[in-house]
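Novice: There's a structure below that I have some questions on.
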Amino acid sequence: MTARSPPCFPDAASPNRKGTRVDRDDTTLRVLSTSDLAGLDITLADVVDTVEQAYRTLAAGRSDNPRKLTVRPADGHSVSYAMLGRDGVRNVVAFKTSYKHGLDKGRDEQHYYTTLTVYDDVTGLPVAMMDCSRIGSLRTPAVSALLARECASPDAATALVIGTGTQGRLALPFLLTTLPGLKRLLLSGTHPDGIAAVRQELERHFPGRELELVTDLEAAARDADVIVATAGGHTPAAVEADWLKPGATAILVGHGLAPSTLHRADRVIATSEAQMRVTGTDMADADGTLPAVDLELPAAISGASNARTAPDQRIFAYNSGLVVTDIALGHRFAQLAADQGLGTEVDLWR
């Protein structure tokens with residue numbers, strides 16, 4: 001796979017564009033709610049470009065992405081994360097928090113809150129504080145699509161998505177954004193509302209594209225060149241290594257891949273090896289170990305090395321979030337929101 005020229009990011013490269021620097025004192029913070037962000041239009045290509053820029057900047061050593069902090073009570077009923085990072089192209093610093101409660105209960109009884117607070121590292125002033133849920137719902141499938149672009153065989157034609165939750169619903173549109181040559185689109189899911197949502201998103205972004213709902217997961221996996229596993233933790237779906245054809249790429253976002261797809265892969269690619277070793281323990285072998293990662297995604301995107309080095313390699317890719325991608329996408333949303341006058345100005349420090 002050949003190295004690509006870095007894309008152009010006019011918004012990131014122009015720190016004085018309208019909406020990025022706001023003429024106000026440092027006691028004021030723009031708060032962007034869930035509904036504020038829901039009303040913003042952003043193309044899939046814009047999301048992919050923004051996330052890709054964040055990886056390139058990190059690979060060039062111009063951004064910082066420290067390891068996340070995690071707090072979890074002994075009974076496991078909740079989990080909390082704190083993440084700090086700096087984007088060296090956008091010149092912003094941001095803090096992300098994530099709190100999920102009710103992990104011992106059904107999905108309808110769980111509570112999840114995530115926020116991103118962005119500061120301008122040139123002026124020293126706050127940019128915005130925002131709900132981070134939409135950012136995550138876009139960033140994660142964009143990362144999967146970038147992993148697919150870097151790892152897939154050149155003649156990849158069939159994609160299979162496992163799961164119809166938040167991440168499954170945009171997986172195919174993002175895959176088609178980075179791999180427009182895909183011809184067959186397969187979906188493995190059991191929830192009628194989720195299946196309908198996947199169809200709706202595909203039609204919205206790529207009108208007329210056909211979606212095949214599969215009932216035989218093994219047969220579908222044997223046909224697939226790219227598999228994106230986004231299912232929830234209670235899924236019975238578990239694609240085994242023996243089901244993968246030569247040249248296949250299996251990307252793990254949530255659940256749906258058996259540990260054998262990792263341990264018997266010819267190449268292992270991860271957004272972050274350190275994070276995989278923290279959050280990917282359910283893929284460990286009987287001894288509790290995980291195989292070494294051959295390459296991290298930022299290095300592949302930067303062109304420093306190729307994710308795929310032979311056509312027939314079976315590649316396992318692990319998608320875990322890096323806060324620099326949330327920061328870049330959050331800052332992009334803050335720009336769009338400021339341009340449209342969205343959000344609530346709060347005198348937080350007065």
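By convention here, the chains of the structure tokens are called A, B, ... in the order presented, each chain's residues are numbered starting at 1, and ligands are numbered starting at 1 in the order presented.
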Could you give me, as a CSV table (one decimal) with C-alpha atoms, in the first residue's frame, the residues within 12 Å of Ala38 in chain A, counting only C-alpha atoms and dropping anything in the same chain fewer than 2 positions from it?

Specialist:
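The resulting file, selection31.csv, is reproduced below:
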chain,number,residue,atom,x,y,z
A,32,LEU,CA,-22.7,23.2,23.5
A,33,SER,CA,-25.5,20.8,24.4
A,34,THR,CA,-26.5,17.6,22.8
A,35,SER,CA,-29.2,19.4,20.8
A,36,ASP,CA,-26.7,22.2,19.7
A,40,LEU,CA,-24.7,20.8,13.0
A,41,ASP,CA,-24.1,19.5,9.5
A,42,ILE,CA,-20.8,17.8,8.9
A,130,MET,CA,-19.6,20.2,25.0
A,131,ASP,CA,-21.4,16.9,25.2
A,132,CYS,CA,-19.0,14.4,23.6
A,133,SER,CA,-21.5,11.7,22.7
A,134,ARG,CA,-21.9,12.7,19.0
A,135,ILE,CA,-18.2,13.3,18.6
A,137,SER,CA,-20.4,8.3,17.6
A,138,LEU,CA,-18.7,9.8,14.5
A,333,PHE,CA,-17.6,21.2,16.0
A,336,LEU,CA,-19.0,25.2,13.2
A,337,ALA,CA,-21.1,26.1,16.3
A,342,LEU,CA,-25.0,28.0,18.7
A,343,GLY,CA,-24.4,27.3,22.3

Novice: I need the residues in range 85-247 of chain A that are strand (DSSP E) according to DSSP; give them as JSON, numbers by chain.

Specialist: {"A": [85, 86, 87, 92, 93, 94, 95, 96, 97, 98, 99, 100, 101, 111, 112, 113, 114, 115, 116, 117, 118, 119, 120, 126, 127, 128, 129, 130, 131, 158, 159, 160, 161, 162, 184, 185, 186, 187, 188, 212, 213, 226, 227, 228, 229]}

Novice: Only N, CA and C atoms, please: the residues just picked out, written as a short mmCIF file (atom, residue, chain, number, x, y, z; two decimals), in the first residue's frame.

Specialist:
data_model
loop_
_atom_site.label_atom_id
_atom_site.label_comp_id
_atom_site.auth_asym_id
_atom_site.auth_seq_id
_atom_site.Cartn_x
_atom_site.Cartn_y
_atom_site.Cartn_z
N GLY A 85 -5.25 15.85 26.43
CA GLY A 85 -4.44 15.83 25.22
C GLY A 85 -4.24 17.22 24.66
N ARG A 86 -3.30 17.31 23.71
CA ARG A 86 -3.02 18.58 23.04
C ARG A 86 -2.86 18.33 21.55
N ASP A 87 -3.55 19.13 20.73
CA ASP A 87 -3.43 19.07 19.28
C ASP A 87 -2.48 20.17 18.84
N VAL A 92 -4.71 23.56 20.47
CA VAL A 92 -5.70 23.52 21.53
C VAL A 92 -5.36 22.40 22.50
N VAL A 93 -5.77 22.62 23.74
CA VAL A 93 -5.65 21.62 24.80
C VAL A 93 -7.07 21.26 25.22
N ALA A 94 -7.30 19.99 25.54
CA ALA A 94 -8.66 19.60 25.93
C ALA A 94 -8.64 18.50 26.97
N PHE A 95 -9.71 18.46 27.73
CA PHE A 95 -9.93 17.44 28.75
C PHE A 95 -11.23 16.72 28.42
N LYS A 96 -11.19 15.41 28.38
CA LYS A 96 -12.38 14.61 28.15
C LYS A 96 -12.66 13.76 29.38
N THR A 97 -13.93 13.72 29.77
CA THR A 97 -14.34 12.84 30.87
C THR A 97 -15.43 11.91 30.36
N SER A 98 -15.47 10.73 30.93
CA SER A 98 -16.45 9.73 30.53
C SER A 98 -16.87 8.95 31.77
N TYR A 99 -18.18 8.87 31.99
CA TYR A 99 -18.71 8.18 33.17
C TYR A 99 -19.90 7.33 32.75
N LYS A 100 -19.83 6.03 33.04
CA LYS A 100 -20.93 5.12 32.73
C LYS A 100 -21.33 4.39 33.99
N HIS A 101 -22.63 4.42 34.30
CA HIS A 101 -23.16 3.82 35.52
C HIS A 101 -24.23 2.79 35.15
N HIS A 111 -26.69 4.76 32.71
CA HIS A 111 -26.50 6.19 32.52
C HIS A 111 -25.09 6.42 31.97
N TYR A 112 -24.99 7.29 30.97
CA TYR A 112 -23.68 7.56 30.37
C TYR A 112 -23.55 9.05 30.09
N TYR A 113 -22.46 9.64 30.58
CA TYR A 113 -22.20 11.05 30.37
C TYR A 113 -20.74 11.23 29.94
N THR A 114 -20.54 12.01 28.90
CA THR A 114 -19.18 12.28 28.45
C THR A 114 -19.09 13.73 27.98
N THR A 115 -18.04 14.41 28.38
CA THR A 115 -17.87 15.82 28.03
C THR A 115 -16.46 16.08 27.52
N LEU A 116 -16.34 17.15 26.75
CA LEU A 116 -15.04 17.60 26.25
C LEU A 116 -14.95 19.10 26.48
N THR A 117 -13.89 19.55 27.13
CA THR A 117 -13.65 20.97 27.36
C THR A 117 -12.37 21.37 26.65
N VAL A 118 -12.48 22.36 25.75
CA VAL A 118 -11.38 22.74 24.86
C VAL A 118 -10.89 24.14 25.21
N TYR A 119 -9.56 24.30 25.27
CA TYR A 119 -8.93 25.59 25.53
C TYR A 119 -7.99 25.95 24.38
N ASP A 120 -7.94 27.22 24.05
CA ASP A 120 -7.06 27.74 23.01
C ASP A 120 -5.66 27.91 23.61
N PRO A 126 -10.73 29.82 27.02
CA PRO A 126 -11.55 28.64 26.73
C PRO A 126 -12.23 28.76 25.38
N VAL A 127 -12.40 27.65 24.69
CA VAL A 127 -13.10 27.60 23.42
C VAL A 127 -14.53 27.14 23.64
N ALA A 128 -14.70 25.96 24.24
CA ALA A 128 -16.05 25.43 24.46
C ALA A 128 -16.00 24.22 25.38
N MET A 129 -17.14 23.97 26.00
CA MET A 129 -17.38 22.72 26.71
C MET A 129 -18.59 22.08 26.05
N MET A 130 -18.50 20.80 25.75
CA MET A 130 -19.57 20.19 24.96
C MET A 130 -19.85 18.75 25.37
N ASP A 131 -21.07 18.33 25.10
CA ASP A 131 -21.39 16.91 25.17
C ASP A 131 -20.54 16.20 24.13
N THR A 158 -16.08 -6.87 -0.37
CA THR A 158 -17.21 -7.23 0.50
C THR A 158 -16.91 -6.83 1.94
N ALA A 159 -17.85 -6.10 2.55
CA ALA A 159 -17.70 -5.69 3.94
C ALA A 159 -18.84 -6.26 4.76
N LEU A 160 -18.51 -6.71 5.96
CA LEU A 160 -19.49 -7.25 6.91
C LEU A 160 -19.42 -6.45 8.19
N VAL A 161 -20.55 -5.93 8.64
CA VAL A 161 -20.65 -5.25 9.93
C VAL A 161 -21.45 -6.13 10.88
N ILE A 162 -20.92 -6.33 12.08
CA ILE A 162 -21.59 -7.12 13.10
C ILE A 162 -22.07 -6.17 14.19
N ARG A 184 -20.30 -5.37 -2.09
CA ARG A 184 -21.31 -6.04 -1.27
C ARG A 184 -21.21 -5.53 0.15
N LEU A 185 -22.38 -5.22 0.72
CA LEU A 185 -22.46 -4.71 2.08
C LEU A 185 -23.34 -5.66 2.89
N LEU A 186 -22.74 -6.33 3.88
CA LEU A 186 -23.43 -7.34 4.68
C LEU A 186 -23.62 -6.84 6.10
N LEU A 187 -24.73 -7.23 6.72
CA LEU A 187 -25.02 -6.84 8.09
C LEU A 187 -25.49 -8.04 8.88
N SER A 188 -24.88 -8.23 10.05
CA SER A 188 -25.31 -9.27 10.98
C SER A 188 -25.87 -8.57 12.22
N GLU A 212 -27.38 -6.36 2.54
CA GLU A 212 -27.78 -7.76 2.70
C GLU A 212 -27.77 -8.12 4.18
N LEU A 213 -28.92 -8.49 4.72
CA LEU A 213 -29.00 -8.96 6.09
C LEU A 213 -28.68 -10.45 6.11
N VAL A 226 -13.52 -7.32 4.57
CA VAL A 226 -13.40 -6.45 5.74
C VAL A 226 -14.55 -6.77 6.69
N ILE A 227 -14.23 -7.01 7.96
CA ILE A 227 -15.23 -7.25 8.99
C ILE A 227 -15.05 -6.19 10.07
N VAL A 228 -16.14 -5.53 10.44
CA VAL A 228 -16.12 -4.56 11.53
C VAL A 228 -17.07 -5.06 12.60
N ALA A 229 -16.53 -5.42 13.76
CA ALA A 229 -17.33 -5.99 14.85
C ALA A 229 -17.65 -4.90 15.86
#

Novice: Excluding same-chain residues fewer than 5 positions from Thr309 in chain A, what lies within 12 Å of it counting only C-alpha atoms, as JSON, numbers by chain?

Specialist: {"A": [1, 2, 150, 151, 152, 153, 154, 247, 266, 267, 268, 269, 294, 295, 300, 314, 315]}

Novice: Using backbone DSSP assignments, extract all alpha helix (DSSP H) residues from range 42-280 of chain A; output them as a tab-separated table (two decimals) with N, CA, C and O atoms, in the first residue's frame.

Specialist:
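Dumped everything to states.tsv:
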chain	number	residue	atom	x	y	z
A	44	LEU	N	-19.27	13.12	6.12
A	44	LEU	CA	-18.43	12.01	6.54
A	44	LEU	C	-16.98	12.24	6.14
A	44	LEU	O	-16.06	11.92	6.89
A	45	ALA	N	-16.76	12.81	4.96
A	45	ALA	CA	-15.40	13.08	4.49
A	45	ALA	C	-14.71	14.09	5.39
A	45	ALA	O	-13.51	13.97	5.69
A	46	ASP	N	-15.45	15.09	5.88
A	46	ASP	CA	-14.89	16.08	6.80
A	46	ASP	C	-14.47	15.41	8.10
A	46	ASP	O	-13.39	15.68	8.65
A	47	VAL	N	-15.31	14.52	8.61
A	47	VAL	CA	-14.97	13.80	9.84
A	47	VAL	C	-13.72	12.96	9.64
A	47	VAL	O	-12.79	12.99	10.46
A	48	VAL	N	-13.65	12.21	8.54
A	48	VAL	CA	-12.49	11.36	8.27
A	48	VAL	C	-11.23	12.21	8.15
A	48	VAL	O	-10.18	11.88	8.73
A	49	ASP	N	-11.31	13.32	7.42
A	49	ASP	CA	-10.14	14.18	7.25
A	49	ASP	C	-9.67	14.76	8.58
A	49	ASP	O	-8.47	14.86	8.84
A	50	THR	N	-10.62	15.15	9.43
A	50	THR	CA	-10.28	15.73	10.72
A	50	THR	C	-9.59	14.70	11.61
A	50	THR	O	-8.57	15.00	12.26
A	51	VAL	N	-10.13	13.49	11.65
A	51	VAL	CA	-9.53	12.42	12.45
A	51	VAL	C	-8.16	12.04	11.89
A	51	VAL	O	-7.19	11.83	12.64
A	52	GLU	N	-8.05	11.97	10.57
A	52	GLU	CA	-6.77	11.63	9.96
A	52	GLU	C	-5.70	12.67	10.28
A	52	GLU	O	-4.55	12.34	10.57
A	53	GLN	N	-6.09	13.95	10.24
A	53	GLN	CA	-5.15	15.00	10.60
A	53	GLN	C	-4.62	14.82	12.02
A	53	GLN	O	-3.44	15.01	12.30
A	54	ALA	N	-5.50	14.42	12.93
A	54	ALA	CA	-5.09	14.23	14.32
A	54	ALA	C	-4.05	13.12	14.43
A	54	ALA	O	-3.07	13.25	15.18
A	55	TYR	N	-4.23	12.04	13.67
A	55	TYR	CA	-3.25	10.94	13.69
A	55	TYR	C	-1.93	11.38	13.07
A	55	TYR	O	-0.85	11.03	13.57
A	56	ARG	N	-1.98	12.13	11.96
A	56	ARG	CA	-0.75	12.58	11.32
A	56	ARG	C	0.05	13.49	12.25
A	56	ARG	O	1.27	13.40	12.34
A	57	THR	N	-0.65	14.37	12.93
A	57	THR	CA	0.02	15.30	13.84
A	57	THR	C	0.63	14.56	15.01
A	57	THR	O	1.74	14.88	15.45
A	58	LEU	N	-0.08	13.54	15.51
A	58	LEU	CA	0.47	12.74	16.60
A	58	LEU	C	1.71	11.97	16.14
A	58	LEU	O	2.72	11.93	16.85
A	59	ALA	N	1.64	11.39	14.94
A	59	ALA	CA	2.78	10.63	14.43
A	59	ALA	C	4.00	11.52	14.21
A	59	ALA	O	5.15	11.08	14.35
A	133	SER	N	-20.89	12.94	23.16
A	133	SER	CA	-21.46	11.69	22.65
A	133	SER	C	-21.50	11.66	21.13
A	133	SER	O	-21.17	10.64	20.52
A	134	ARG	N	-21.90	12.76	20.48
A	134	ARG	CA	-21.93	12.74	19.01
A	134	ARG	C	-20.52	12.67	18.44
A	134	ARG	O	-20.29	12.03	17.41
A	135	ILE	N	-19.58	13.32	19.10
A	135	ILE	CA	-18.19	13.25	18.65
A	135	ILE	C	-17.73	11.81	18.64
A	135	ILE	O	-17.13	11.33	17.67
A	136	GLY	N	-18.00	11.07	19.72
A	136	GLY	CA	-17.60	9.67	19.78
A	136	GLY	C	-18.32	8.81	18.76
A	136	GLY	O	-17.73	7.89	18.18
A	137	SER	N	-19.61	9.12	18.53
A	137	SER	CA	-20.39	8.30	17.59
A	137	SER	C	-19.91	8.48	16.16
A	137	SER	O	-20.13	7.61	15.31
A	138	LEU	N	-19.24	9.59	15.87
A	138	LEU	CA	-18.67	9.81	14.54
A	138	LEU	C	-17.20	9.41	14.48
A	138	LEU	O	-16.74	8.83	13.50
A	139	ARG	N	-16.46	9.73	15.54
A	139	ARG	CA	-15.03	9.44	15.53
A	139	ARG	C	-14.74	7.94	15.42
A	139	ARG	O	-13.88	7.52	14.65
A	140	THR	N	-15.47	7.13	16.16
A	140	THR	CA	-15.16	5.70	16.20
A	140	THR	C	-15.34	5.02	14.84
A	140	THR	O	-14.44	4.32	14.38
A	141	PRO	N	-16.48	5.19	14.14
A	141	PRO	CA	-16.57	4.58	12.81
A	141	PRO	C	-15.61	5.19	11.79
A	141	PRO	O	-15.20	4.52	10.84
A	142	ALA	N	-15.24	6.46	12.01
A	142	ALA	CA	-14.24	7.06	11.12
A	142	ALA	C	-12.89	6.37	11.30
A	142	ALA	O	-12.16	6.12	10.32
A	143	VAL	N	-12.54	6.07	12.55
A	143	VAL	CA	-11.28	5.36	12.81
A	143	VAL	C	-11.32	3.95	12.21
A	143	VAL	O	-10.35	3.49	11.60
A	144	SER	N	-12.46	3.26	12.35
A	144	SER	CA	-12.59	1.94	11.73
A	144	SER	C	-12.39	2.02	10.23
A	144	SER	O	-11.76	1.16	9.62
A	145	ALA	N	-12.95	3.08	9.62
A	145	ALA	CA	-12.82	3.25	8.17
A	145	ALA	C	-11.38	3.52	7.77
A	145	ALA	O	-10.92	3.05	6.72
A	146	LEU	N	-10.65	4.27	8.59
A	146	LEU	CA	-9.23	4.51	8.31
A	146	LEU	C	-8.42	3.22	8.50
A	146	LEU	O	-7.50	2.94	7.71
A	147	LEU	N	-8.75	2.45	9.53
A	147	LEU	CA	-8.10	1.15	9.70
A	147	LEU	C	-8.36	0.26	8.49
A	147	LEU	O	-7.44	-0.40	7.98
A	148	ALA	N	-9.60	0.26	8.01
A	148	ALA	CA	-9.94	-0.55	6.84
A	148	ALA	C	-9.17	-0.09	5.62
A	148	ALA	O	-8.65	-0.90	4.85
A	149	ARG	N	-9.08	1.22	5.43
A	149	ARG	CA	-8.35	1.75	4.27
A	149	ARG	C	-6.88	1.32	4.30
A	149	ARG	O	-6.30	0.96	3.28
A	150	GLU	N	-6.26	1.38	5.48
A	150	GLU	CA	-4.84	1.05	5.58
A	150	GLU	C	-4.58	-0.45	5.56
A	150	GLU	O	-3.52	-0.88	5.12
A	151	CYS	N	-5.54	-1.25	6.05
A	151	CYS	CA	-5.30	-2.69	6.23
A	151	CYS	C	-5.90	-3.56	5.13
A	151	CYS	O	-5.42	-4.68	4.91
A	166	THR	N	-25.04	1.95	18.22
A	166	THR	CA	-24.56	3.28	17.82
A	166	THR	C	-23.42	3.19	16.82
A	166	THR	O	-23.41	3.89	15.80
A	167	GLN	N	-22.44	2.33	17.08
A	167	GLN	CA	-21.28	2.24	16.19
A	167	GLN	C	-21.58	1.47	14.90
A	167	GLN	O	-21.00	1.75	13.86
A	168	GLY	N	-22.50	0.52	14.97
A	168	GLY	CA	-22.84	-0.23	13.77
A	168	GLY	C	-23.61	0.58	12.75
A	168	GLY	O	-23.54	0.30	11.55
A	169	ARG	N	-24.31	1.60	13.19
A	169	ARG	CA	-25.22	2.31	12.29
A	169	ARG	C	-24.49	3.18	11.26
A	169	ARG	O	-25.01	3.41	10.18
A	171	ALA	N	-21.16	2.51	10.48
A	171	ALA	CA	-19.96	1.78	10.04
A	171	ALA	C	-19.88	1.68	8.53
A	171	ALA	O	-18.83	1.94	7.92
A	172	LEU	N	-20.96	1.29	7.88
A	172	LEU	CA	-20.94	1.11	6.43
A	172	LEU	C	-20.78	2.42	5.67
A	172	LEU	O	-19.97	2.50	4.73
A	173	PRO	N	-21.52	3.50	6.01
A	173	PRO	CA	-21.28	4.76	5.32
A	173	PRO	C	-19.83	5.25	5.42
A	173	PRO	O	-19.26	5.74	4.44
A	174	PHE	N	-19.22	5.08	6.59
A	174	PHE	CA	-17.82	5.49	6.71
A	174	PHE	C	-16.89	4.58	5.91
A	174	PHE	O	-15.92	5.05	5.30
A	175	LEU	N	-17.18	3.27	5.91
A	175	LEU	CA	-16.37	2.36	5.10
A	175	LEU	C	-16.44	2.74	3.62
A	175	LEU	O	-15.42	2.71	2.91
A	176	LEU	N	-17.61	3.10	3.15
A	176	LEU	CA	-17.75	3.49	1.74
A	176	LEU	C	-17.05	4.81	1.46
A	176	LEU	O	-16.66	5.08	0.31
A	177	THR	N	-16.85	5.62	2.48
A	177	THR	CA	-16.14	6.89	2.30
A	177	THR	C	-14.66	6.66	2.05
A	177	THR	O	-14.04	7.34	1.23
A	178	THR	N	-14.07	5.69	2.75
A	178	THR	CA	-12.63	5.42	2.57
A	178	THR	C	-12.35	4.29	1.59
A	178	THR	O	-11.24	4.19	1.06
A	192	PRO	N	-34.61	-5.44	15.39
A	192	PRO	CA	-35.30	-4.80	14.25
A	192	PRO	C	-35.08	-3.29	14.16
A	192	PRO	O	-34.86	-2.75	13.08
A	193	ASP	N	-35.12	-2.59	15.30
A	193	ASP	CA	-34.93	-1.14	15.27
A	193	ASP	C	-33.51	-0.79	14.83
A	193	ASP	O	-33.31	0.17	14.07
A	194	GLY	N	-32.55	-1.56	15.30
A	194	GLY	CA	-31.17	-1.32	14.91
A	194	GLY	C	-30.95	-1.58	13.43
A	194	GLY	O	-30.25	-0.82	12.75
A	195	ILE	N	-31.51	-2.67	12.94
A	195	ILE	CA	-31.38	-3.00	11.51
A	195	ILE	C	-31.99	-1.88	10.66
A	195	ILE	O	-31.41	-1.44	9.66
A	196	ALA	N	-33.17	-1.40	11.08
A	196	ALA	CA	-33.82	-0.32	10.35
A	196	ALA	C	-32.96	0.95	10.37
A	196	ALA	O	-32.88	1.67	9.36
A	197	ALA	N	-32.31	1.22	11.50
A	197	ALA	CA	-31.46	2.41	11.61
A	197	ALA	C	-30.24	2.30	10.70
A	197	ALA	O	-29.82	3.29	10.10
A	198	VAL	N	-29.65	1.09	10.61
A	198	VAL	CA	-28.51	0.89	9.71
A	198	VAL	C	-28.94	1.15	8.27
A	198	VAL	O	-28.24	1.83	7.51
A	199	ARG	N	-30.08	0.62	7.89
A	199	ARG	CA	-30.59	0.84	6.52
A	199	ARG	C	-30.82	2.34	6.27
A	199	ARG	O	-30.51	2.86	5.19
A	200	GLN	N	-31.39	3.01	7.25
A	200	GLN	CA	-31.70	4.43	7.10
A	200	GLN	C	-30.43	5.26	6.90
A	200	GLN	O	-30.38	6.15	6.04
A	201	GLU	N	-29.40	4.99	7.71
A	201	GLU	CA	-28.15	5.74	7.59
A	201	GLU	C	-27.46	5.46	6.25
A	201	GLU	O	-26.90	6.37	5.62
A	202	LEU	N	-27.49	4.21	5.81
A	202	LEU	CA	-26.89	3.87	4.53
A	202	LEU	C	-27.59	4.59	3.39
A	202	LEU	O	-26.95	5.16	2.49
A	203	GLU	N	-28.92	4.61	3.44
A	203	GLU	CA	-29.70	5.28	2.38
A	203	GLU	C	-29.47	6.79	2.42
A	203	GLU	O	-29.42	7.44	1.37
A	204	ARG	N	-29.32	7.34	3.61
A	204	ARG	CA	-29.13	8.79	3.74
A	204	ARG	C	-27.81	9.24	3.13
A	204	ARG	O	-27.73	10.27	2.46
A	205	HIS	N	-26.76	8.45	3.36
A	205	HIS	CA	-25.44	8.86	2.89
A	205	HIS	C	-25.09	8.30	1.51
A	205	HIS	O	-24.35	8.94	0.75
A	217	LEU	N	-23.66	-16.29	10.11
A	217	LEU	CA	-22.48	-15.45	10.35
A	217	LEU	C	-21.22	-16.07	9.79
A	217	LEU	O	-20.38	-15.37	9.21
A	218	GLU	N	-21.06	-17.36	9.95
A	218	GLU	CA	-19.85	-18.01	9.45
A	218	GLU	C	-19.73	-17.86	7.93
A	218	GLU	O	-18.67	-17.51	7.41
A	219	ALA	N	-20.81	-18.12	7.21
A	219	ALA	CA	-20.78	-18.01	5.76
A	219	ALA	C	-20.48	-16.58	5.33
A	219	ALA	O	-19.71	-16.34	4.39
A	220	ALA	N	-21.08	-15.60	6.03
A	220	ALA	CA	-20.83	-14.20	5.70
A	220	ALA	C	-19.38	-13.82	5.96
A	220	ALA	O	-18.75	-13.11	5.16
A	221	ALA	N	-18.84	-14.28	7.10
A	221	ALA	CA	-17.45	-13.97	7.43
A	221	ALA	C	-16.49	-14.58	6.42
A	221	ALA	O	-15.46	-13.97	6.08
A	222	ARG	N	-16.80	-15.75	5.92
A	222	ARG	CA	-15.93	-16.39	4.93
A	222	ARG	C	-15.91	-15.61	3.61
A	222	ARG	O	-14.94	-15.68	2.85
A	223	ASP	N	-16.98	-14.86	3.34
A	223	ASP	CA	-17.04	-14.08	2.11
A	223	ASP	C	-16.41	-12.70	2.26
A	223	ASP	O	-16.07	-12.05	1.27
A	260	SER	N	-9.32	-15.90	18.79
A	260	SER	CA	-8.46	-16.54	17.79
A	260	SER	C	-8.15	-15.61	16.62
A	260	SER	O	-7.08	-15.71	16.01
A	261	THR	N	-9.05	-14.66	16.29
A	261	THR	CA	-8.78	-13.74	15.18
A	261	THR	C	-7.60	-12.84	15.48
A	261	THR	O	-6.91	-12.38	14.57
A	262	LEU	N	-7.37	-12.58	16.76
A	262	LEU	CA	-6.20	-11.80	17.18
A	262	LEU	C	-4.96	-12.67	17.27
A	262	LEU	O	-3.90	-12.34	16.71
A	263	HIS	N	-5.06	-13.80	17.96
A	263	HIS	CA	-3.87	-14.60	18.26
A	263	HIS	C	-3.33	-15.33	17.03
A	263	HIS	O	-2.15	-15.69	16.99
A	273	GLU	N	-1.24	0.49	21.10
A	273	GLU	CA	-0.94	-0.78	21.76
A	273	GLU	C	-1.17	-0.68	23.27
A	273	GLU	O	-1.70	-1.61	23.88
A	274	ALA	N	-0.79	0.45	23.87
A	274	ALA	CA	-0.98	0.61	25.32
A	274	ALA	C	-2.45	0.51	25.69
A	274	ALA	O	-2.81	-0.14	26.69
A	275	GLN	N	-3.31	1.14	24.90
A	275	GLN	CA	-4.73	1.08	25.22
A	275	GLN	C	-5.30	-0.31	24.97
A	275	GLN	O	-6.19	-0.77	25.68
A	276	MET	N	-4.82	-0.99	23.94
A	276	MET	CA	-5.29	-2.35	23.69
A	276	MET	C	-4.98	-3.25	24.88
A	276	MET	O	-5.79	-4.11	25.24
A	277	ARG	N	-3.85	-3.04	25.51
A	277	ARG	CA	-3.47	-3.90	26.63
A	277	ARG	C	-4.29	-3.58	27.89
A	277	ARG	O	-4.36	-4.40	28.81
A	278	VAL	N	-4.92	-2.40	27.90
A	278	VAL	CA	-5.78	-2.04	29.04
A	278	VAL	C	-7.23	-2.46	28.78
A	278	VAL	O	-7.88	-3.05	29.65
A	279	THR	N	-7.74	-2.18	27.58
A	279	THR	CA	-9.16	-2.39	27.31
A	279	THR	C	-9.45	-3.67	26.54
A	279	THR	O	-10.61	-4.05	26.39

Novice: Give me, please, the distance in Å between CA of Thr344 in chain A and CA of Asp326 in chain A, quoted to one decimal.

Specialist: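 Computing the Euclidean distance for CA of Thr344 in chain A and CA of Asp326 in chain A yields 21.0 Å.
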